[in-house]
$ cat protein_33.txt   # compact mmCIF, C-alpha atoms
# COMPACT_ATOMS: atom_id res chain seq x y z
CA MET A 228 -98.92 8.05 51.01
CA SER A 229 -97.46 11.50 51.48
CA ARG A 230 -98.20 14.65 49.59
CA ASP A 231 -94.62 15.46 48.81
CA GLY A 232 -95.09 18.13 46.23
CA SER A 233 -94.43 15.90 43.25
CA GLY A 234 -97.05 17.77 41.24
CA LEU A 235 -98.95 14.62 40.42
CA LEU A 236 -101.75 15.63 42.73
CA ALA A 237 -102.41 19.08 41.35
CA ALA A 238 -105.40 18.25 39.15
CA PRO A 239 -107.17 15.94 41.62
CA THR A 240 -106.55 18.47 44.39
CA LEU A 241 -108.27 21.24 42.43
CA GLN A 242 -111.15 18.94 41.64
CA MET A 243 -111.42 17.89 45.28
CA ALA A 244 -111.35 21.51 46.40
CA ALA A 245 -114.22 22.31 44.05
CA LEU A 246 -116.18 19.35 45.34
CA ALA A 247 -115.46 20.33 48.93
CA ALA A 248 -116.71 23.87 48.27
CA GLU A 249 -119.86 22.49 46.67
CA ASP A 250 -120.31 20.17 49.63
CA ALA A 251 -119.88 23.03 52.10
CA THR A 252 -122.53 25.11 50.29
CA TRP A 253 -124.88 22.20 50.29
CA ARG A 254 -124.33 21.53 53.99
CA THR A 255 -125.22 25.08 54.95
CA GLN A 256 -128.64 24.58 53.36
CA LEU A 257 -129.32 21.35 55.22
CA VAL A 258 -131.51 21.48 58.29
CA VAL A 259 -130.73 18.56 60.55
CA PRO A 260 -133.79 17.55 62.59
CA SER A 261 -133.50 17.16 66.34
CA PHE A 262 -133.05 13.73 67.83
CA ASP A 263 -136.44 13.87 69.55
CA ASP A 264 -138.14 14.78 66.28
CA VAL A 265 -136.50 11.84 64.55
CA TYR A 266 -137.36 9.50 67.40
CA THR A 267 -140.99 10.55 67.60
CA ALA A 268 -141.57 10.49 63.87
CA HIS A 269 -139.73 7.30 63.03
CA VAL A 270 -139.59 4.98 66.03
CA ALA A 271 -142.54 2.96 64.73
CA PHE A 272 -140.93 2.68 61.31
CA VAL A 273 -137.68 1.48 62.87
CA TRP A 274 -139.58 -0.93 65.10
CA ARG A 275 -141.49 -2.52 62.21
CA THR A 276 -138.41 -2.59 60.00
CA LEU A 277 -136.50 -4.50 62.65
CA ARG A 278 -139.38 -6.94 62.99
CA THR A 279 -139.40 -7.38 59.22
CA PHE A 280 -135.72 -8.23 59.37
CA GLY A 281 -136.53 -11.00 61.81
CA VAL A 282 -135.83 -9.38 65.17
CA THR A 283 -138.05 -11.15 67.67
CA GLU A 284 -140.54 -9.59 70.04
CA SER A 285 -138.25 -10.23 72.99
CA GLN A 286 -135.26 -8.61 71.25
CA ILE A 287 -137.04 -5.69 69.70
CA GLU A 288 -136.72 -3.07 72.44
CA ASP A 289 -132.98 -3.53 72.77
CA ALA A 290 -132.60 -3.46 69.01
CA VAL A 291 -134.61 -0.24 68.68
CA GLN A 292 -132.55 1.21 71.50
CA ASP A 293 -129.34 0.30 69.67
CA VAL A 294 -130.58 1.93 66.48
CA PHE A 295 -131.37 5.18 68.23
CA VAL A 296 -128.13 5.24 70.17
CA VAL A 297 -126.41 5.18 66.79
CA VAL A 298 -128.84 7.79 65.45
CA HIS A 299 -128.14 10.06 68.40
CA ARG A 300 -124.41 9.91 67.84
CA ARG A 301 -124.51 10.12 64.07
CA LEU A 302 -127.34 12.59 63.53
CA PRO A 303 -125.05 15.63 63.31
CA GLU A 304 -123.24 13.89 60.48
CA TRP A 305 -126.39 12.86 58.67
CA GLU A 306 -125.83 14.31 55.26
CA GLY A 307 -129.34 14.47 53.96
CA ARG A 308 -128.31 13.02 50.64
CA ALA A 309 -131.06 10.47 51.06
CA ALA A 310 -134.36 10.51 52.92
CA ILE A 311 -133.94 10.04 56.63
CA THR A 312 -135.96 6.84 56.43
CA THR A 313 -133.34 5.49 54.05
CA TRP A 314 -130.64 6.33 56.56
CA LEU A 315 -132.64 4.81 59.43
CA PHE A 316 -133.36 1.76 57.33
CA ALA A 317 -129.64 1.21 56.72
CA ILE A 318 -128.88 1.51 60.44
CA ALA A 319 -131.76 -0.81 61.35
CA ARG A 320 -130.61 -3.35 58.79
CA ARG A 321 -127.12 -3.46 60.31
CA ILE A 322 -128.43 -3.67 63.86
CA ALA A 323 -130.83 -6.46 62.87
CA SER A 324 -127.98 -8.29 61.23
CA GLY A 325 -125.99 -8.03 64.46
CA VAL A 326 -128.92 -9.23 66.54
CA ARG A 327 -129.48 -12.23 64.29
CA ARG A 328 -125.78 -13.03 64.23
CA ARG A 329 -125.64 -13.03 68.00
CA GLY A 330 -128.82 -15.05 68.16
CA THR A 331 -129.08 -14.44 71.86
CA ASP A 332 -131.91 -13.02 73.83
CA ARG A 333 -130.62 -10.41 76.20
CA THR A 334 -133.96 -9.03 77.26
CA GLU A 335 -135.95 -9.82 80.32
CA PRO A 336 -139.55 -10.90 79.68
CA LEU A 337 -141.80 -8.06 78.64
CA GLU A 338 -144.16 -6.81 81.27
CA VAL A 339 -147.86 -6.87 80.59
CA ASP A 340 -149.42 -3.48 80.84
CA PRO A 341 -152.58 -3.75 82.92
CA ALA A 342 -153.72 -0.35 81.68
CA GLY A 343 -154.42 -1.86 78.29
CA ALA A 344 -156.97 -4.33 79.61
CA THR A 345 -159.96 -2.37 78.33
CA ASP A 346 -158.75 -2.78 74.79
CA THR A 347 -157.72 -6.39 75.15
CA PHE A 348 -159.82 -7.82 72.35
CA ALA A 349 -158.70 -5.31 69.75
CA ALA A 350 -155.11 -5.63 70.90
CA MET A 351 -155.29 -9.40 70.65
CA ALA A 352 -156.75 -9.19 67.17
CA ARG A 353 -153.95 -6.86 66.08
CA ALA A 354 -151.33 -9.09 67.67
CA GLN A 355 -152.79 -12.13 65.98
CA ALA A 356 -152.83 -10.36 62.62
CA ALA A 357 -149.23 -9.30 63.18
CA ALA A 358 -148.23 -12.87 64.04
CA THR A 359 -149.98 -14.19 60.94
CA VAL A 360 -148.31 -11.65 58.69
CA MET A 361 -144.92 -12.23 60.29
CA GLY A 362 -145.39 -15.95 59.76
CA ILE A 363 -146.10 -15.42 56.08
CA LEU A 364 -143.23 -12.97 55.65
CA GLU A 365 -140.82 -15.42 57.24
CA GLN A 366 -141.54 -17.83 54.41
CA MET A 367 -140.37 -15.30 51.81
CA ASP A 368 -136.75 -14.72 51.00
CA GLU A 369 -135.42 -11.51 52.46
CA ASP A 370 -135.18 -9.57 49.20
CA LYS A 371 -138.88 -9.95 48.48
CA ARG A 372 -139.91 -9.60 52.11
CA ILE A 373 -138.21 -6.23 52.50
CA VAL A 374 -139.70 -4.78 49.32
CA PHE A 375 -143.12 -6.08 50.27
CA ALA A 376 -142.92 -4.72 53.81
CA LEU A 377 -141.74 -1.29 52.72
CA VAL A 378 -144.52 -0.97 50.16
CA GLU A 379 -147.40 -2.68 51.94
CA LEU A 380 -146.64 -1.90 55.58
CA GLU A 381 -144.72 1.36 55.32
CA HIS A 382 -146.67 2.61 52.31
CA MET A 383 -143.54 3.70 50.51
CA SER A 384 -143.67 4.13 46.76
CA VAL A 385 -141.85 1.56 44.68
CA PRO A 386 -139.38 4.15 43.30
CA ASP A 387 -138.58 5.18 46.88
CA VAL A 388 -138.06 1.56 47.84
CA ALA A 389 -135.77 1.08 44.86
CA ARG A 390 -133.73 4.07 45.97
CA THR A 391 -133.66 2.94 49.59
CA LEU A 392 -132.43 -0.50 48.66
CA ASP A 393 -130.27 0.79 45.83
CA ILE A 394 -131.81 -1.63 43.36
CA LYS A 395 -133.24 -1.11 39.87
CA LEU A 396 -136.83 -0.01 39.64
CA ASN A 397 -137.77 -3.04 37.57
CA THR A 398 -136.17 -5.30 40.15
CA ALA A 399 -138.25 -3.67 42.88
CA TYR A 400 -141.46 -4.12 40.89
CA SER A 401 -140.57 -7.70 40.10
CA ARG A 402 -139.89 -8.54 43.75
CA LEU A 403 -143.08 -6.83 44.82
CA ARG A 404 -145.17 -8.70 42.30
CA LEU A 405 -143.76 -12.07 43.39
CA ALA A 406 -144.10 -11.20 47.06
CA ARG A 407 -147.71 -10.08 46.63
CA ALA A 408 -148.55 -13.32 44.85
CA ALA A 409 -146.96 -15.36 47.61
CA PHE A 410 -148.70 -13.32 50.30
CA GLU A 411 -152.08 -13.60 48.62
CA LEU A 412 -151.71 -17.33 48.26
CA ALA A 413 -150.67 -17.72 51.88
CA VAL A 414 -153.61 -15.64 53.08
CA ARG A 415 -156.05 -17.78 51.12
CA THR A 416 -154.68 -20.96 52.62
CA GLN A 417 -154.07 -19.76 56.16
CA VAL A 418 -156.82 -17.30 56.93
CA LYS A 419 -160.34 -18.64 57.07
CA PRO A 420 -163.12 -16.22 56.21
CA MET B 159 -154.73 -11.05 40.95
CA LYS B 160 -152.86 -8.71 38.56
CA GLY B 161 -150.22 -8.06 41.16
CA GLU B 162 -152.60 -6.30 43.55
CA LEU B 163 -153.65 -7.59 46.94
CA GLY B 164 -157.19 -8.69 47.68
CA SER B 165 -159.35 -7.08 50.33
CA ALA B 166 -158.70 -9.83 52.88
CA SER B 167 -154.95 -9.43 52.50
CA ARG B 168 -155.26 -5.66 52.71
CA ALA B 169 -157.33 -5.85 55.89
CA LEU B 170 -154.91 -8.32 57.42
CA LEU B 171 -151.96 -6.06 56.63
CA ASP B 172 -153.67 -3.02 58.09
CA ALA B 173 -154.35 -4.85 61.34
CA ALA B 174 -150.86 -6.34 61.36
CA ARG B 175 -149.27 -2.94 60.85
CA GLU B 176 -150.77 -1.79 64.12
CA GLY B 177 -149.89 -5.06 65.81
CA MET B 178 -146.26 -4.75 64.68
CA SER B 179 -145.98 -1.19 65.93
CA PRO B 180 -144.93 -0.18 69.43
CA ASP B 181 -147.55 1.09 71.84
CA ALA B 182 -147.10 4.37 73.69
CA ALA B 183 -145.67 2.67 76.76
CA ALA B 184 -143.05 0.84 74.69
CA ILE B 185 -142.12 4.05 72.88
CA ALA B 186 -141.63 5.83 76.19
CA ARG B 187 -139.75 2.89 77.69
CA VAL B 188 -137.29 2.65 74.81
CA ARG B 189 -136.85 6.43 74.77
CA ALA B 190 -135.90 6.26 78.44
CA LYS B 191 -133.44 3.46 77.72
CA VAL B 192 -131.88 5.45 74.91
CA GLY B 193 -131.59 8.41 77.25
CA ALA B 194 -129.93 6.22 79.85
CA SER B 195 -127.53 4.82 77.26
CA ILE B 196 -126.60 8.25 76.01
CA GLY B 197 -126.13 9.47 79.54
CA GLY B 198 -124.22 6.29 80.31
CA ALA B 199 -121.84 6.93 77.46
CA THR B 200 -121.08 10.34 78.85
CA ILE B 201 -120.64 8.84 82.23
CA VAL B 202 -118.13 6.32 80.92
CA GLY B 203 -116.04 9.21 79.65
CA SER B 204 -115.94 10.83 83.04
CA LEU B 205 -116.02 7.67 85.05
CA ALA B 206 -112.43 8.00 86.07
CA ALA B 207 -113.07 11.37 87.67
CA LYS B 208 -116.20 10.09 89.37
CA LEU B 209 -114.38 7.07 90.69
CA GLY B 210 -111.68 9.33 91.99
CA VAL B 211 -114.29 11.33 93.88
CA LEU B 212 -115.94 8.12 94.97
CA GLY B 213 -112.61 6.86 96.22
CA VAL B 214 -112.19 9.96 98.35
CA VAL B 215 -115.72 9.64 99.71
CA VAL B 216 -115.27 5.95 100.39
CA ALA B 217 -111.94 6.59 102.03
CA ILE B 218 -113.30 9.29 104.29
CA ALA B 219 -116.37 7.27 105.17
CA THR B 220 -114.31 4.19 105.77
CA GLY B 221 -111.84 6.02 107.92
CA ALA B 222 -114.62 7.44 110.02
CA VAL B 223 -116.29 4.08 110.39
CA LEU B 224 -113.05 2.37 111.19
CA LEU B 225 -112.28 4.86 113.85
CA ARG B 226 -115.72 4.53 115.35
CA ARG B 227 -115.91 0.78 115.24
CA ASP B 228 -112.36 0.42 116.33
CA ARG B 229 -111.21 -1.91 113.56
CA GLU B 230 -114.40 -3.86 113.10
CA ALA B 231 -114.65 -5.45 109.63
CA PRO B 232 -116.34 -3.02 107.18
CA SER B 233 -118.09 -5.71 105.14
CA PHE B 234 -120.83 -3.31 103.98
CA LEU B 235 -118.53 -1.35 101.76
CA PRO B 236 -118.47 -3.39 98.53
CA ASN B 237 -122.24 -3.39 98.43
CA ALA B 238 -122.28 0.33 98.92
CA VAL B 239 -120.08 0.71 95.85
CA ASP B 240 -122.03 -1.81 93.76
CA ASP B 241 -125.26 0.01 94.36
CA GLN B 242 -124.16 3.26 92.76
CA PRO B 243 -127.11 4.44 90.66
CA TRP B 244 -125.00 5.68 87.77
CA VAL B 245 -123.88 2.20 86.79
CA SER B 246 -125.97 1.40 83.71
CA ARG B 247 -127.11 -1.98 82.42
CA ASP B 248 -124.48 -1.94 79.74
CA GLN B 249 -121.35 -3.97 80.10
CA PRO B 250 -118.60 -1.42 79.56
CA THR B 251 -119.69 0.74 82.45
CA GLN B 252 -119.95 -2.23 84.73
CA ILE B 253 -116.63 -3.60 83.62
CA VAL B 254 -114.88 -0.32 84.12
CA ALA B 255 -116.46 0.01 87.51
CA ARG B 256 -115.38 -3.46 88.49
CA GLU B 257 -111.89 -2.87 87.20
CA GLU B 258 -111.73 -0.01 89.62
CA MET B 259 -112.99 -2.04 92.52
CA PRO B 260 -109.51 -3.04 93.69
CA ASP B 261 -109.72 0.35 95.36
CA ARG B 262 -111.78 -1.41 97.98
CA GLU B 263 -108.69 -3.25 99.16
CA PRO B 264 -106.83 -0.51 100.97
CA ILE B 265 -109.80 0.12 103.20
CA ALA B 266 -107.58 0.01 106.21
CA MET B 267 -105.40 2.77 104.75
CA PRO B 268 -107.68 5.50 103.42
CA PRO B 269 -104.88 7.90 102.45
CA MET B 270 -103.65 5.37 99.90
CA ILE B 271 -106.97 5.56 98.09
CA VAL B 272 -106.94 9.33 98.01
CA SER B 273 -103.46 9.48 96.58
CA ARG B 274 -104.01 6.76 94.04
CA PRO B 275 -103.61 8.01 90.42
CA PRO B 276 -106.96 8.23 88.68
CA ALA B 277 -108.44 5.84 86.26
CA PRO B 278 -106.60 3.31 84.28
CA ALA B 279 -110.04 3.09 82.64
CA ALA B 280 -109.30 6.37 80.87
CA THR B 281 -106.28 5.00 79.04
CA PRO B 282 -106.90 4.94 75.29
CA ASP B 283 -107.84 1.88 73.26
CA PRO B 284 -107.13 -1.18 75.38
CA ALA B 285 -107.52 -3.17 72.18
CA PRO B 286 -105.79 -6.51 72.71
CA ARG B 287 -107.45 -7.10 76.08
CA VAL B 288 -110.92 -6.32 74.77
CA ALA B 289 -110.51 -8.15 71.47
CA ALA B 290 -109.54 -11.34 73.16
CA ALA B 291 -112.08 -11.15 75.91
CA ARG B 292 -115.51 -10.47 74.44
CA ARG B 293 -117.67 -8.97 71.72
CA VAL B 294 -117.31 -5.22 71.57
CA ASP B 295 -120.24 -3.24 72.83
CA LEU B 296 -122.07 -1.07 70.34
CA ARG B 297 -121.32 1.99 72.43
CA ARG B 298 -117.60 1.37 72.06
CA GLU B 299 -118.05 1.01 68.32
CA VAL B 300 -119.93 4.29 68.15
CA GLU B 301 -117.22 5.96 70.22
CA LEU B 302 -114.52 4.84 67.80
CA ILE B 303 -116.52 5.84 64.75
CA ASP B 304 -117.21 9.21 66.35
CA ARG B 305 -113.53 9.65 66.98
CA ALA B 306 -112.72 8.80 63.38
CA MET B 307 -115.41 11.16 62.04
CA ALA B 308 -114.19 13.97 64.25
CA ALA B 309 -110.63 13.42 63.02
CA MET B 310 -111.82 13.50 59.41
CA LYS B 311 -113.67 16.73 60.08
CA ARG B 312 -110.58 18.43 61.40
CA GLY B 313 -108.57 17.07 58.46
CA ASP B 314 -106.54 14.57 60.45
CA ALA B 315 -106.83 11.51 58.23
CA ALA B 316 -104.05 9.69 60.06
CA ALA B 317 -105.92 9.92 63.36
CA ALA B 318 -109.10 8.76 61.63
CA LEU B 319 -107.24 5.76 60.27
CA ALA B 320 -105.92 4.96 63.73
CA ALA B 321 -109.45 5.03 65.15
CA VAL B 322 -110.98 2.80 62.48
CA ARG B 323 -108.07 0.38 62.71
CA THR B 324 -108.62 0.18 66.45
CA HIS B 325 -112.25 -0.57 65.62
CA ALA B 326 -111.18 -3.32 63.21
CA LEU B 327 -108.86 -4.80 65.83
CA GLU B 328 -111.38 -4.77 68.62
CA THR B 329 -114.21 -6.16 66.52
CA ALA B 330 -112.09 -8.44 64.36
CA GLY B 331 -113.67 -6.64 61.42
CA THR B 332 -117.16 -7.91 62.20
CA GLY B 333 -118.62 -5.05 64.22
CA GLN B 334 -122.07 -3.69 63.64
CA LEU B 335 -120.50 -0.51 62.32
CA ALA B 336 -117.87 -2.25 60.20
CA GLU B 337 -119.35 -0.72 57.07
CA ASP B 338 -119.03 2.80 58.48
CA ALA B 339 -115.52 2.11 59.72
CA THR B 340 -114.39 0.76 56.39
CA ALA B 341 -115.96 3.67 54.53
CA ILE B 342 -114.06 6.09 56.76
CA GLU B 343 -110.89 4.10 56.21
CA VAL B 344 -111.29 4.36 52.44
CA GLU B 345 -112.02 8.07 52.70
CA ALA B 346 -108.98 8.64 54.90
CA LEU B 347 -106.76 6.67 52.56
CA CYS B 348 -108.05 8.79 49.68
CA ARG B 349 -107.15 11.95 51.51
CA LEU B 350 -103.70 10.58 52.19
CA HIS B 351 -103.42 9.48 48.56
CA ASP B 352 -102.47 6.05 49.77
CA PRO B 353 -101.71 3.68 46.88
CA THR B 354 -103.68 0.85 48.51
CA VAL B 355 -106.95 2.77 48.32
CA GLY B 356 -107.99 1.02 45.10
CA GLU B 357 -107.77 -2.39 46.73
CA LYS B 358 -109.65 -1.15 49.78
CA LEU B 359 -112.40 0.30 47.65
CA ALA B 360 -112.73 -2.93 45.67
CA ALA B 361 -112.91 -4.92 48.91
CA PHE B 362 -115.55 -2.49 50.21
CA ASP B 363 -117.63 -2.96 47.05
CA GLU B 364 -117.35 -6.69 47.30
CA ARG B 365 -118.43 -6.82 50.93
CA TRP B 366 -121.14 -4.15 50.77
CA PRO B 367 -122.28 -3.99 47.15
CA ASP B 368 -125.44 -2.06 48.05
CA SER B 369 -123.87 0.35 50.49
CA ALA B 370 -125.52 3.72 50.82
CA GLN B 371 -122.05 5.15 51.48
CA ARG B 372 -120.69 4.18 48.09
CA SER B 373 -121.75 7.42 46.41
CA ARG B 374 -120.06 9.44 49.14
CA LEU B 375 -116.85 7.49 48.62
CA THR B 376 -117.04 8.08 44.89
CA THR B 377 -117.38 11.80 45.55
CA SER B 378 -114.64 12.06 48.13
CA CYS B 379 -112.22 9.79 46.28
CA HIS B 380 -112.72 11.32 42.85

$ encode --input "protein_33.txt" --output "structure tokens"
Amino acid sequence: MSRDGSGLLAAPTLQMAALAAEDATWRTQLVVPSFDDVYTAHVAFVWRTLRTFGVTESQIEDAVQDVFVVVHRRLPEWEGRAAITTWLFAIARRIASGVRRRGTDRTEPLEVDPAGATDTFAAMARAQAAATVMGILEQMDEDKRIVFALVELEHMSVPDVARTLDIKLNTAYSRLRLARAAFELAVRTQVKP
Amino acid sequence: MKGELGSASRALLDAAREGMSPDAAAIARVRAKVGASIGGATIVGSLAAKLGVLGVVVAIATGAVLLRRDREAPSFLPNAVDDQPWVSRDQPTQIVAREEMPDREPIAMPPMIVSRPPAPAATPDPAPRVAAARRVDLRREVELIDRAMAAMKRGDAAAALAAVRTHALETAGTGQLAEDATAIEVEALCRLHDPTVGEKLAAFDERWPDSAQRSRLTTSCH
């Protein structure tokens, strides 16, 4: 465990020093966005991602809050090696996993916003569409559901999705194809023209 | 079908995307909650000092009331303490505050409160008590990971290991940030050239085969 001068560590140490120097150079070029910028730009993405992972409507605000508490603390250490959405996705995935593991609902009932009454019909239509899509997605296994949601709801490219999920490109395309087929079939049977 | 979605599916998804997104009020509400949590975390850190000040204030107020009422029972006092606005919704703050509440007892002897040593809440890592009692709050997990990251930054791998092992103890290895904690542990073991690092890395791969941190570990443990 100790570095006792045995000489065995000389080569790795030089290599590590070179890597550290490279890392330091790279870090100086990285511009870390502010927390508010990240929140404003990506809160909807985080919200939808959590929903895709099965976080319920009543749990969602606390889950989003948990994600951004982590983001706030970890943002200075964000290394920019991957897109920030990839980083946020990883955090959201872990938080969603925790929420599902707990399986408890720690949120008080959501309040209805009376200010939205003028747009009630449109809001109801959107909510109904969301419920229908969520219902269909719940029938898919998680691997396909996540690829499908990232491509079709988040409009990410398939190569980006493959990178985000750290899977092979062909695997991503395969999952997307199967998920699209399942979605299309479900829409035909569930949604009346 | 050729792998593409039809127009009905596309329209449904477009509407659903909006329906699955937060409205402006929800965005503002969650932002406020995050702000409160972040502020709350800071408050936890300085809670001991605040409670010390609170103790002095309570003691002085109590003494004055006691003098005026000539030993009438001061039953209002616990409520006055419970209603402090800086106590957030999150458990740790409340628990710490309640752990401090025994300070209410010596109401009849205000000087005892003033001279009481501040804040057992500030003692580091009360791991066994917390581990046995309840699930660890996310804020506590973040605090430990922060501590470990800070130690790694200043080159103190041993301190980083201590922090992540406290995390493992308190969460029984199942915390929401277990992946981060384990990655830091592997990184710290690499820096210390610990012979068990290979096993740890293999265990990490097995548990989180798709981890986004794997490439960083490869780099730092090369």

$ closest_atom_pairs --input "protein_33.txt" --of "chain A" --to "chain B" --cutoff "7 Å" --atoms "all atoms listed in the file" --output "JSON lines"
{"residue": "A:Met228", "atom": "CA", "partner": "B:Asp352", "partner_atom": "CA", "distance": 4.3}
{"residue": "A:Ser229", "atom": "CA", "partner": "B:Leu350", "partner_atom": "CA", "distance": 6.3}
{"residue": "A:Ala271", "atom": "CA", "partner": "B:Ser179", "partner_atom": "CA", "distance": 5.5}
{"residue": "A:Trp274", "atom": "CA", "partner": "B:Ser179", "partner_atom": "CA", "distance": 6.5}
{"residue": "A:Arg275", "atom": "CA", "partner": "B:Met178", "partner_atom": "CA", "distance": 5.8}
{"residue": "A:Glu288", "atom": "CA", "partner": "B:Val188", "partner_atom": "CA", "distance": 6.2}
{"residue": "A:Gln292", "atom": "CA", "partner": "B:Val192", "partner_atom": "CA", "distance": 5.5}
{"residue": "A:Phe295", "atom": "CA", "partner": "B:Val192", "partner_atom": "CA", "distance": 6.7}
{"residue": "A:Val296", "atom": "CA", "partner": "B:Val192", "partner_atom": "CA", "distance": 6.0}
{"residue": "A:Val297", "atom": "CA", "partner": "B:Val300", "partner_atom": "CA", "distance": 6.7}
{"residue": "A:Arg321", "atom": "CA", "partner": "B:Gln334", "partner_atom": "CA", "distance": 6.1}
{"residue": "A:Ile322", "atom": "CA", "partner": "B:Gln334", "partner_atom": "CA", "distance": 6.4}
{"residue": "A:Gly325", "atom": "CA", "partner": "B:Gln334", "partner_atom": "CA", "distance": 5.9}
{"residue": "A:Arg353", "atom": "CA", "partner": "B:Gly177", "partner_atom": "CA", "distance": 4.4}
{"residue": "A:Ala354", "atom": "CA", "partner": "B:Gly177", "partner_atom": "CA", "distance": 4.7}
{"residue": "A:Ala356", "atom": "CA", "partner": "B:Ala174", "partner_atom": "CA", "distance": 4.7}
{"residue": "A:Ala357", "atom": "CA", "partner": "B:Ala174", "partner_atom": "CA", "distance": 3.8}
{"residue": "A:Val360", "atom": "CA", "partner": "B:Ala174", "partner_atom": "CA", "distance": 6.5}
{"residue": "A:Leu380", "atom": "CA", "partner": "B:Arg175", "partner_atom": "CA", "distance": 6.0}
{"residue": "A:Asp393", "atom": "CA", "partner": "B:Asp368", "partner_atom": "CA", "distance": 6.0}
{"residue": "A:Arg404", "atom": "CA", "partner": "B:Gly161", "partner_atom": "CA", "distance": 5.2}
{"residue": "A:Arg407", "atom": "CA", "partner": "B:Gly161", "partner_atom": "CA", "distance": 6.3}
{"residue": "A:Ala408", "atom": "CA", "partner": "B:Gly161", "partner_atom": "CA", "distance": 6.6}
{"residue": "A:Glu411", "atom": "CA", "partner": "B:Ser167", "partner_atom": "CA", "distance": 6.4}
{"residue": "A:Val414", "atom": "CA", "partner": "B:Ser167", "partner_atom": "CA", "distance": 6.4}

$ closest_residue --input "protein_33.txt" --among "A:Phe272, A:Tyr400, A:Phe375, A:Trp314" --to "Val291 in chain A" --atoms "only C-alpha atoms"
A:Phe272

$ closest_residue --input "protein_33.txt" --among "A:Thr313, A:Gln286, A:Ser261, A:Thr398" --to "Asp370 in chain A" --atoms "all atoms listed in the file"
A:Thr398

$ atom_distance --input "protein_33.txt" --atom1 "CA of Gly362 in chain A" --atom2 "CA of Phe348 in chain A"
20.8 Å

$ axis_aligned_box --input "protein_33.txt" --around "range 340-348 of chain B" --padding-each-side "8 Å" --output "AutoDock Vina command-line options"
--center_x -111.4 --center_y 4.8 --center_z 53.2 --size_x 25.2 --size_y 24.0 --size_z 23.1

$ atom_distance --input "protein_33.txt" --atom1 "CA of Ala349 in chain A" --atom2 "CA of Asp264 in chain A"
29.0 Å

$ closest_residue --input "protein_33.txt" --among "A:Ala409, A:Met383, A:Ala358, A:Lys395" --to "Lys371 in chain A" --atoms "all atoms listed in the file"
A:Ala409

$ decode --input "protein_33.txt" --residues "range 310-323 of chain A" --atoms "N, CA and C atoms" --output "PDB file, in the first residue's frame"
ATOM      1  N   ALA A 310     -21.090  14.680 -23.000  1.00  0.00           N
ATOM      2  CA  ALA A 310     -22.062  15.776 -23.031  1.00  0.00           C
ATOM      3  C   ALA A 310     -22.726  15.897 -21.667  1.00  0.00           C
ATOM      4  N   ILE A 311     -23.137  17.104 -21.339  1.00  0.00           N
ATOM      5  CA  ILE A 311     -23.727  17.283 -20.009  1.00  0.00           C
ATOM      6  C   ILE A 311     -25.026  16.498 -19.876  1.00  0.00           C
ATOM      7  N   THR A 312     -25.716  16.291 -20.999  1.00  0.00           N
ATOM      8  CA  THR A 312     -26.941  15.482 -20.918  1.00  0.00           C
ATOM      9  C   THR A 312     -26.603  14.035 -20.542  1.00  0.00           C
ATOM     10  N   THR A 313     -25.466  13.568 -20.968  1.00  0.00           N
ATOM     11  CA  THR A 313     -25.049  12.213 -20.594  1.00  0.00           C
ATOM     12  C   THR A 313     -24.817  12.133 -19.090  1.00  0.00           C
ATOM     13  N   TRP A 314     -24.174  13.164 -18.583  1.00  0.00           N
ATOM     14  CA  TRP A 314     -23.898  13.229 -17.142  1.00  0.00           C
ATOM     15  C   TRP A 314     -25.213  13.323 -16.364  1.00  0.00           C
ATOM     16  N   LEU A 315     -26.107  14.200 -16.818  1.00  0.00           N
ATOM     17  CA  LEU A 315     -27.405  14.366 -16.152  1.00  0.00           C
ATOM     18  C   LEU A 315     -28.214  13.068 -16.232  1.00  0.00           C
ATOM     19  N   PHE A 316     -28.121  12.439 -17.379  1.00  0.00           N
ATOM     20  CA  PHE A 316     -28.850  11.176 -17.570  1.00  0.00           C
ATOM     21  C   PHE A 316     -28.381  10.142 -16.548  1.00  0.00           C
ATOM     22  N   ALA A 317     -27.068  10.061 -16.347  1.00  0.00           N
ATOM     23  CA  ALA A 317     -26.529   9.080 -15.389  1.00  0.00           C
ATOM     24  C   ALA A 317     -27.016   9.389 -13.974  1.00  0.00           C
ATOM     25  N   ILE A 318     -27.030  10.675 -13.624  1.00  0.00           N
ATOM     26  CA  ILE A 318     -27.510  11.045 -12.281  1.00  0.00           C
ATOM     27  C   ILE A 318     -28.996  10.714 -12.151  1.00  0.00           C
ATOM     28  N   ALA A 319     -29.756  11.080 -13.184  1.00  0.00           N
ATOM     29  CA  ALA A 319     -31.204  10.831 -13.143  1.00  0.00           C
ATOM     30  C   ALA A 319     -31.493   9.336 -13.043  1.00  0.00           C
ATOM     31  N   ARG A 320     -30.711   8.561 -13.748  1.00  0.00           N
ATOM     32  CA  ARG A 320     -30.922   7.102 -13.714  1.00  0.00           C
ATOM     33  C   ARG A 320     -30.721   6.572 -12.297  1.00  0.00           C
ATOM     34  N   ARG A 321     -29.685   7.065 -11.617  1.00  0.00           N
ATOM     35  CA  ARG A 321     -29.430   6.579 -10.254  1.00  0.00           C
ATOM     36  C   ARG A 321     -30.515   7.052  -9.294  1.00  0.00           C
ATOM     37  N   ILE A 322     -30.925   8.301  -9.450  1.00  0.00           N
ATOM     38  CA  ILE A 322     -31.975   8.818  -8.562  1.00  0.00           C
ATOM     39  C   ILE A 322     -33.267   8.038  -8.793  1.00  0.00           C
ATOM     40  N   ALA A 323     -33.596   7.792 -10.064  1.00  0.00           N
ATOM     41  CA  ALA A 323     -34.819   7.042 -10.371  1.00  0.00           C
ATOM     42  C   ALA A 323     -34.752   5.645  -9.774  1.00  0.00           C
TER      43      ALA A 323
END
